[in-house]
Amino acid sequence: MRIDFEHLTVEVSGHRALDDISGAFASGGVTAVIGPSGAGKSTLLRVLAGLIAPDAGRVRFDGADVTSLRPEERRLGVVFQDLRLFDFLSARDNVAFAPRVARVPASLQLERVDEALRLVRAGAFADRPARVLSGGERQRIAIARALAARPRALLLDEPFASLDAELRRSIREELREVVRALGVTAVVITHDRDDAFALASHFVVLSAGRIEQVGASNELYLHPATEYVATLLGEANLVAIDAREGDRVRVSGLVRSATGNGRRVLIRPEQLRVAGAATVTPTDGWAARVTDLRCSGAGWRVQLDAGSLGPLIAYVATPPAGENVWLVPPEEVHTV
Amino acid sequence: MRIDFEHLTVEVSGHRALDDISGAFASGGVTAVIGPSGAGKSTLLRVLAGLIAPDAGRVRFDGADVTSLRPEERRLGVVFQDLRLFDFLSARDNVAFAPRVARVPASLQLERVDEALRLVRAGAFADRPARVLSGGERQRIAIARALAARPRALLLDEPFASLDAELRRSIREELREVVRALGVTAVVITHDRDDAFALASHFVVLSAGRIEQVGASNELYLHPATEYVATLLGEANLVAIDAREGDRVRVSGLVRSATGNGRRVLIRPEQLRVAGAATVTPTDGWAARVTDLRCSGAGWRVQLDAGSLGPLIAYVATPPAGENVWLVPPEEVHTV
Amino acid sequence: MAGGFVWPLARLCVAAFSRGTESHSGLYRLFADSYARRALGHSLALSLVVALASVAICLPAALSLARGRFVGRALLRGVFAIPLALSGVVVGFLAVAMLGNAGALPALLHTEWLRGTAYGLGGLGITYLYFEIPRATLTMEAALATVEDGLLEAARTLGARPRQLVWLVFWPLCAPALRAAFGVTFAASLGSFGVALIIAGRFPLLPVELYRSFTGTLDEPLGAAMALTLALLAIAVLWVSGRRAR
Amino acid sequence: MAGGFVWPLARLCVAAFSRGTESHSGLYRLFADSYARRALGHSLALSLVVALASVAICLPAALSLARGRFVGRALLRGVFAIPLALSGVVVGFLAVAMLGNAGALPALLHTEWLRGTAYGLGGLGITYLYFEIPRATLTMEAALATVEDGLLEAARTLGARPRQLVWLVFWPLCAPALRAAFGVTFAASLGSFGVALIIAGRFPLLPVELYRSFTGTLDEPLGAAMALTLALLAIAVLWVSGRRAR
C-alpha cells in the first residue's frame, strides 16, 4: 500500500512539530524516517497511525483519503518504541489480539498467530506470560503482534531502542528478511543511521518538523543536499574548495569533477584511497601523516593530518605501511 | 599501573564463573574484555575491584599482591554498568565523593573535581541534582566521578549500555581521548565489538569463564584462534579448504599462503575484492553473483552467491557495476 | 520475633472455642445467638455497601488523579489524604457535628430528613464513605499507574473498537486496582470502631459489640469469637484482594 | 467534591474557637485545663515513644526484608501484615487477653510484674508496638528498596571507609524511609482509639477524652478543640514526614 501525506502540519503547545510537510512512502518499499530527537519523526508516525489528527493536511492510503479515519479503522501494524505489550496476556494472546478483535474465525486465528510467531522465531516462548519475557523476546512478540493484524503497512517507531548492540544487529536482520519476504510497505522511524541503512532502501530526513531531503539511501549518502544530512548519515570529510570552474573544482592542488553546488567537498572515509609514499605522484594526491590507526572491526580506520586540509578520516581494508602517505580522493566528488 | 591476575577461580553457587584464568593488563594500555553475557566478564571486574574475593588465585597491582586488599584500599576508578550515581547528591558532589572521603584539602578537592568535570565536558550541568540528569549526562558524571579519585586504573563495566547509538558513539570517542590523554591503565568490559574496537588496542576474549584468546585487537581480528573469536569480532566469511600443502592452501581453484591450522579460511568482508567481470581472469578469482547490495553508511555491503563456496559478504567502497562479478581473496589468508 | 505477632491470634482461637461459664463455645454462640449474628450481619452488609460504593465513586477520581494532567492535582491528592490521617473518633465527632440532631448539613440544606441521620445506618454509611472514598481513591490511584494510554493506543492500532478496548484492555488493567481498593476499604470499614461506637446507637455492629463484651457482659469466649471473626475476615479480604494493609 | 472533604474540618475550627456555655473557647480550655492538657501530653509522649521505638526496632527488620534473600521472606512479610489488618478494638481485646489481670503472658513467663500491665502506660506502649512495628517495618521496607548494595559498592571503590559508608551513603539513603516510618507510626499512635479506650483506664489520653466529651460532659467546644488538635497534629506529622496515610 502506498502512503501519501500532503501539507501535514501539527502544532503541539504552540510549537510546530510538523511544518507543512508532504511526501510519500512507496508501496512495498521500506522507508526510514531519520532525524534527531524532536525532529517530528514520532509525530509523523502518530499522524499516519491516526493517533493524532493533524491541524492541517491529508493522509492517503492508496489514494484514498484516510485523514479522518480512526486508528482502529486504518489496518496498520504499529511497533512502538516502548513495545506496549499487554503484560496481562501470554505472548501468544498478545499476537492473537488483532485477529481476535477482528473476529477472525478461530481456526484462521490460530493459523495467522502461528504464522506470525514463526516469522519472528517466537514459537519457543509463545506460551509464557508477556511480562516474563526478555528484551529480545518482547521485541519479537511486538513485531509478531503487528504482523498478525495482516496490516496494509508496518510502522515501526525506533523499534530496537531497548536492545543492546548484539541483539539489535540480529533482530534487525531478521526484521529485514521478514519485511522483504512479506513485501509489506514499511516505515521505520529511527535516529540511528545503522538501523536506517540496515533496514531501508529509501530515507526521509526530518529536521525541526520539516523535510530536509528524500531519496534512495545511497543517493543521500553520496549526494546529501546539506552538510547536516552528510554528517547524519555517516562520517564525513568536508574539505573547503579553492576554486570552481563549471562542474570542476580545485581542492588543494587537485582538480575533480563535482556534483552539488556547495562550498565544501564531501569525501566519505571509504572513498579516500590511502597509498604508500612511493606509489603516487604529488599531482595525484595529498600528502598526509597518519595520526591514529585502529582496527574497526570492518577494516582499518585511519586518522590523518593533511596539513591545511585539516584532519581527515579514511577506512581501508589493509593498514598503510608507513606514517607518511598520499591520499587520493575519488575522480568525482560531491559538494555541500 | 600494571594489573596481573593469576589462576583466578570464582565459584558462584556451584558454577565456575571464572575457571583458573591468568593474564595481565599492561600499564597505560586500554584493554577490552569481550565475551557474551555469562562469560565471566563482570566477575573478573569485581574480583579486580575487590568486590568479590576469588576462591583461588591472586591479583597483583604493579607486582604487589592486592588479593586481600579491600575495595576502598585499591584506588581504582570503577564505572558500573548501571552507573550507580548518588541520586541524593548534586552531580558535582558525586564527582567530589572520592576526594572528600580521601580527606583531600578543600582547595585541591575543588581543583580535582573541576578538572574531572572538564575532561568529560560536564561543567554545564554540574550543579544540578544527579537524579534530574539525562542518560548521557549521568554517563559523563559517572566517568568524572571515577576520574576524580585519581585512580591507579580505570575499570569500566559495559560503560555505554544505557545509551542510544548516537550518544554512545560520541561519548565513546570522548572517553577514548580522555583515557589516552591521562595515560591511565584501563579495562573495559563489553559484549559489543564496536565498543571494544573503538576504545581498546588489546583484547581479552572470555568464554564460559575461560580465556579464549588474548592479543592486539587487529591481531585477534585477522588471526583469531577459533571460529568463535572470528565471528565475535566481526562479520566473517568462512570457506572450507580443499587441500593444504605446507603453508599453502587451495580453495575452490585458488592457491593462497595461509596462517593458522584450521580447516576453514577466514576472509573478512573488506578483504574480499569485488571486480567487474572483465578485469580478472578465472584463475585469479571466484565467479559470484550479487544477491543483495546495500549502502551501509560506510561504503557498500555486498551479499554474494559464490556457488559451491556458499553465500559471502563483501564491503566495498564503490558498488559493483553488474550482477556477475569476480571475487579476489587476499594473497595471504588465515585459517581457523 | 514473627512468632510474637502470631501467638496472640492463636490464643484468640483457643479462647473463641472455649466455653467459659456457658454451655457452648463463643464461636457457636456468635452464630447461634440472633443478636450477635445480627451484629455480624450488619457489619458485613455495611462494609460491603461502603466498599462497593467507594470503589464505584472513586474510580473516575482515581483515574483522573493517576492519569490526568490538571492544575491542582497535588492539592486534590493532599485533600484526599486528610480524612485518612484522622482518628476514627475525630471522624465520629465530625459526623455528629455535621449530621447529628443539631448538625450543620441539615441546617445548611434546609432539609429535615438529614437531621439525625448520624445515628442511623445511612449516616454511618455516609461517615464511612468520608474516609473510605479517599482511601479507595489513593489505593486505586497507585495501582492505576499501570494503565497507560499507550496500551490503549496500541490496542486501537490493532483494530480494537471502543467496547473491545474497555473489555479487553482497560478492564484487565483496572481489575487488580479495583480489587485492591475494595479489599482495603472493606477491611477498614469492617474494623472501624471509633465511628461505630460514637454513632451506632440504634443497631448492633460487631466491633461495638466486641467492646461491650468487655465493659458489659464480660463474656470472654464470645468476645474472642467476635475478635477472631473480625480478624480473620479482614485478613482474608486483604489476602484475596492481593493488597496488604498499611 | 474535594470541598466536601475539607468543610467538616472548617466547621471543626469554628466549633473549637466557640465558647458554648463556658466563658472561654474550647481551644483555650484544652490548653488551660490541666486534665485536658495532661491528656494531650500523654498522647504526645506515648506517640513519640512508640514511634521512636518502632523505628529503632524495625530498621534491621525492614533492611532484611527489603534487601535480604532468605527463605520465608514472603511469609515474614505476611505475618507482619496481620496486625495491620486488625481493628483497634480487636488488638485491645488481644492486649487484655495477653497482658490483663488474667493475661496469658504473665502466666507463661511466671512473672508477677507483667500482670495487669495492660491497664498501665507500659501495656499500652507494648500494645501499640504490636501494630506499629509492622507498620513501621512495611513502610520503611518500601522506602528502603532504594538502598541498593550497588551504591555502597560504588562508594567503597571510591575509597569510602566503613564509617564514611554509613554517614555519607547509607544514612542519606535511609533518612527518608526513617522519617516516613516515624510519621506514619506517630500519626497512627496519636489517633489510636480502640486500644486506648479499652486499656487506658488509669490516665487520660486525648482520643478517649474526646469520646468522653460526647458521652459524658457533652462539652462540644472542648470536644471540637480536641478533635481539631488531633487532626492537625496527625496531618502535620504526615506532611512533614513526606508520607501520606493509607
# chains A, B, ... in the order shown; residues from 1 in each chain; ligands from 1
$ select_by_dssp --residues "region 83-154 of chain B" --states "strand (DSSP E or B)" --output "list in words"
Ser90, Pro129, Ala153 and Leu154 of chain B
$ residues_around --residues "region 142-155 of chain C" --least-positions-apart "2" --cutoff "7 Å" --atoms "only C-alpha atoms" --output "ChimeraX atom specification"
/A:84 /C:63,66,138-140,157-160,165,169,173-174,177
$ closest_atom_pairs --of "chain D" --to "chain C" --cutoff "6 Å" --atoms "only C-alpha atoms" --output "tab-separated table"
residue	atom	partner	partner_atom	distance
D:Leu84	CA	C:Ala245	CA	5.7
D:Ala85	CA	C:Ala245	CA	5.7
D:Leu86	CA	C:Ala231	CA	5.4
D:Ser87	CA	C:Gly191	CA	4.3
D:Val90	CA	C:Ala227	CA	5.1
D:Gly191	CA	C:Ser87	CA	4.3
D:Ala227	CA	C:Val90	CA	5.1
D:Ala231	CA	C:Leu86	CA	5.4
D:Ala234	CA	C:Ala85	CA	5.8
D:Ile235	CA	C:Ala85	CA	5.9
D:Ala245	CA	C:Leu84	CA	5.7
D:Arg246	CA	C:Arg246	CA	5.8
$ closest_atom_pairs --of "chain A" --to "chain C" --cutoff "12 Å" --atoms "only C-alpha atoms" --output "tab-separated table"
residue	atom	partner	partner_atom	distance
A:Leu45	CA	C:Thr157	CA	11.7
A:Arg46	CA	C:Glu153	CA	10.0
A:Val47	CA	C:Thr157	CA	11.9
A:Leu48	CA	C:Thr157	CA	10.7
A:Ala49	CA	C:Thr157	CA	7.0
A:Gly50	CA	C:Thr157	CA	8.3
A:Leu51	CA	C:Glu153	CA	7.2
A:Ile52	CA	C:Glu153	CA	10.6
A:Leu69	CA	C:Thr157	CA	11.4
A:Arg70	CA	C:Arg156	CA	8.4
A:Pro71	CA	C:Thr157	CA	5.1
A:Glu72	CA	C:Gly159	CA	3.9
A:Glu73	CA	C:Gly159	CA	6.4
A:Arg74	CA	C:Thr157	CA	7.5
A:Arg75	CA	C:Gly159	CA	6.7
A:Leu76	CA	C:Thr157	CA	6.4
A:Gly77	CA	C:Leu158	CA	6.7
A:Val78	CA	C:Thr157	CA	6.6
A:Val79	CA	C:Ala154	CA	8.4
A:Phe80	CA	C:Ala154	CA	7.9
A:Gln81	CA	C:Gly150	CA	10.5
A:Asp82	CA	C:Gly150	CA	8.7
A:Leu83	CA	C:Ala154	CA	8.7
A:Arg84	CA	C:Leu151	CA	5.6
A:Leu85	CA	C:Leu151	CA	7.3
A:Phe86	CA	C:Leu151	CA	7.0
A:Asp87	CA	C:Leu173	CA	9.1
A:Phe88	CA	C:Pro172	CA	7.1
A:Leu89	CA	C:Pro172	CA	9.3
A:Asp93	CA	C:Leu168	CA	11.1
A:Asn94	CA	C:Ala155	CA	9.9
A:Val95	CA	C:Leu158	CA	9.9
A:Ala96	CA	C:Leu158	CA	10.0
A:Phe97	CA	C:Leu158	CA	7.3
A:Ala98	CA	C:Leu158	CA	5.0
A:Pro99	CA	C:Leu158	CA	8.6
A:Arg100	CA	C:Ala160	CA	9.0
A:Val101	CA	C:Ala160	CA	5.6
A:Ala102	CA	C:Gly159	CA	6.7
A:Arg103	CA	C:Ala160	CA	10.3
A:Val104	CA	C:Gly159	CA	11.9
A:Ala142	CA	C:Ala154	CA	10.2
A:Ile143	CA	C:Leu158	CA	11.9
A:Ala144	CA	C:Leu158	CA	11.7
A:Arg145	CA	C:Leu158	CA	8.3
A:Ala146	CA	C:Leu158	CA	7.1
A:Leu147	CA	C:Leu158	CA	9.8
A:Ala148	CA	C:Leu158	CA	9.1
A:Ala149	CA	C:Leu158	CA	6.4
A:Arg150	CA	C:Leu158	CA	9.7
A:Pro151	CA	C:Leu158	CA	8.8
A:Arg152	CA	C:Leu158	CA	11.7
A:Ala153	CA	C:Thr157	CA	11.5
A:Leu154	CA	C:Thr157	CA	10.8
A:Leu155	CA	C:Thr157	CA	10.3
$ interface_residues --of "chain A" --to "chain B" --cutoff "10 Å" --atoms "only C-alpha atoms" --output "ChimeraX atom specification"
/A:36,160-167,191-201,216-222,232-236,268-273,294-301,315-319
$ select_by_dssp --residues "region 27-104 of chain C" --states "helix (DSSP H, G or I)" --output "NGL selection string"
:C and (27-32 or 34-67 or 73-85 or 88-99 or 104)
$ residues_around --residues "Gly209 (chain A)" --least-positions-apart "3" --cutoff "12 Å" --atoms "only C-alpha atoms" --output "PyMOL selection string"
chain A and resi 7-12+15-22+33-44+204-206+212
$ write_last_selection --atoms "N, CA, C and O atoms" --output "compact mmCIF listing (two decimals), in the first residue's frame"
# COMPACT_ATOMS: atom_id res chain seq x y z
N HIS A 7 0.98 18.28 2.95
CA HIS A 7 0.88 19.52 3.73
C HIS A 7 0.53 19.28 5.19
O HIS A 7 -0.29 19.98 5.77
N LEU A 8 1.12 18.27 5.79
CA LEU A 8 0.82 17.95 7.18
C LEU A 8 1.41 19.02 8.10
O LEU A 8 2.59 19.35 8.02
N THR A 9 0.56 19.52 8.96
CA THR A 9 1.01 20.45 10.00
C THR A 9 0.43 19.99 11.33
O THR A 9 -0.76 19.69 11.41
N VAL A 10 1.29 19.89 12.32
CA VAL A 10 0.83 19.54 13.67
C VAL A 10 1.45 20.52 14.63
O VAL A 10 2.67 20.70 14.65
N GLU A 11 0.60 21.17 15.41
CA GLU A 11 1.11 22.07 16.44
C GLU A 11 0.96 21.41 17.80
O GLU A 11 -0.10 20.88 18.13
N VAL A 12 2.02 21.41 18.55
CA VAL A 12 1.94 20.91 19.93
C VAL A 12 2.31 22.06 20.85
O VAL A 12 3.45 22.53 20.81
N HIS A 15 4.10 24.99 19.34
CA HIS A 15 5.32 24.70 18.58
C HIS A 15 4.95 23.77 17.42
O HIS A 15 4.16 22.84 17.59
N ARG A 16 5.51 24.04 16.24
CA ARG A 16 5.15 23.22 15.08
C ARG A 16 5.98 21.94 15.05
O ARG A 16 7.14 21.96 14.62
N ALA A 17 5.37 20.85 15.49
CA ALA A 17 6.08 19.56 15.48
C ALA A 17 6.27 19.10 14.03
O ALA A 17 7.30 18.52 13.69
N LEU A 18 5.25 19.34 13.20
CA LEU A 18 5.38 19.10 11.76
C LEU A 18 4.95 20.38 11.06
O LEU A 18 3.93 20.98 11.40
N ASP A 19 5.73 20.79 10.06
CA ASP A 19 5.52 22.12 9.49
C ASP A 19 5.28 21.99 7.99
O ASP A 19 6.20 22.11 7.19
N ASP A 20 4.03 21.69 7.63
CA ASP A 20 3.62 21.68 6.22
C ASP A 20 4.49 20.75 5.38
O ASP A 20 5.12 21.18 4.41
N ILE A 21 4.56 19.49 5.77
CA ILE A 21 5.40 18.57 5.01
C ILE A 21 4.54 17.65 4.13
O ILE A 21 3.42 17.29 4.47
N SER A 22 5.11 17.30 2.99
CA SER A 22 4.44 16.40 2.05
C SER A 22 5.43 15.34 1.61
O SER A 22 6.63 15.58 1.58
N VAL A 33 12.54 7.00 8.30
CA VAL A 33 12.41 8.42 8.60
C VAL A 33 13.46 8.72 9.65
O VAL A 33 13.40 8.21 10.77
N ILE A 34 14.47 9.50 9.27
CA ILE A 34 15.63 9.73 10.14
C ILE A 34 15.67 11.17 10.61
O ILE A 34 15.23 12.08 9.89
N GLY A 35 16.22 11.38 11.73
CA GLY A 35 16.38 12.73 12.25
C GLY A 35 16.67 12.67 13.73
O GLY A 35 16.47 11.62 14.35
N PRO A 36 17.15 13.75 14.31
CA PRO A 36 17.44 13.75 15.75
C PRO A 36 16.14 13.80 16.55
O PRO A 36 15.06 14.02 15.98
N SER A 37 16.23 13.60 17.87
CA SER A 37 15.01 13.69 18.65
C SER A 37 14.45 15.10 18.57
O SER A 37 15.19 16.07 18.50
N GLY A 38 13.14 15.18 18.51
CA GLY A 38 12.50 16.48 18.38
C GLY A 38 12.32 16.92 16.94
O GLY A 38 11.78 17.99 16.67
N ALA A 39 12.72 16.08 15.98
CA ALA A 39 12.59 16.46 14.57
C ALA A 39 11.16 16.29 14.08
O ALA A 39 10.80 16.82 13.03
N GLY A 40 10.34 15.55 14.82
CA GLY A 40 8.96 15.34 14.40
C GLY A 40 8.70 13.94 13.88
O GLY A 40 7.62 13.66 13.38
N LYS A 41 9.68 13.05 14.02
CA LYS A 41 9.55 11.70 13.49
C LYS A 41 8.35 10.97 14.09
O LYS A 41 7.51 10.43 13.37
N SER A 42 8.30 10.95 15.42
CA SER A 42 7.23 10.20 16.07
C SER A 42 5.87 10.85 15.80
O SER A 42 4.86 10.16 15.68
N THR A 43 5.87 12.18 15.70
CA THR A 43 4.61 12.86 15.40
C THR A 43 4.10 12.41 14.04
O THR A 43 2.90 12.14 13.88
N LEU A 44 5.00 12.32 13.07
CA LEU A 44 4.59 11.86 11.74
C LEU A 44 3.98 10.46 11.83
O LEU A 44 2.92 10.19 11.28
N VAL A 204 13.80 9.36 4.46
CA VAL A 204 13.23 10.70 4.57
C VAL A 204 13.94 11.34 5.75
O VAL A 204 13.83 10.84 6.87
N VAL A 205 14.70 12.40 5.51
CA VAL A 205 15.43 13.04 6.60
C VAL A 205 14.61 14.21 7.12
O VAL A 205 14.26 15.12 6.36
N LEU A 206 14.25 14.15 8.40
CA LEU A 206 13.47 15.22 9.03
C LEU A 206 14.39 16.05 9.91
O LEU A 206 15.33 15.54 10.51
N GLU A 212 14.18 17.51 5.22
CA GLU A 212 15.47 18.04 4.81
C GLU A 212 15.86 17.46 3.45
O GLU A 212 16.32 18.17 2.58
$ residues_around --residues "Thr185 (chain A)" --least-positions-apart "5" --cutoff "7 Å" --atoms "only C-alpha atoms" --output "JSON, numbers by chain"
{"A": [1, 27, 28, 29, 30, 153, 154]}
$ atom_distance --atom1 "CA of Ala62 (chain D)" --atom2 "CA of Trp171 (chain D)"
14.5 Å
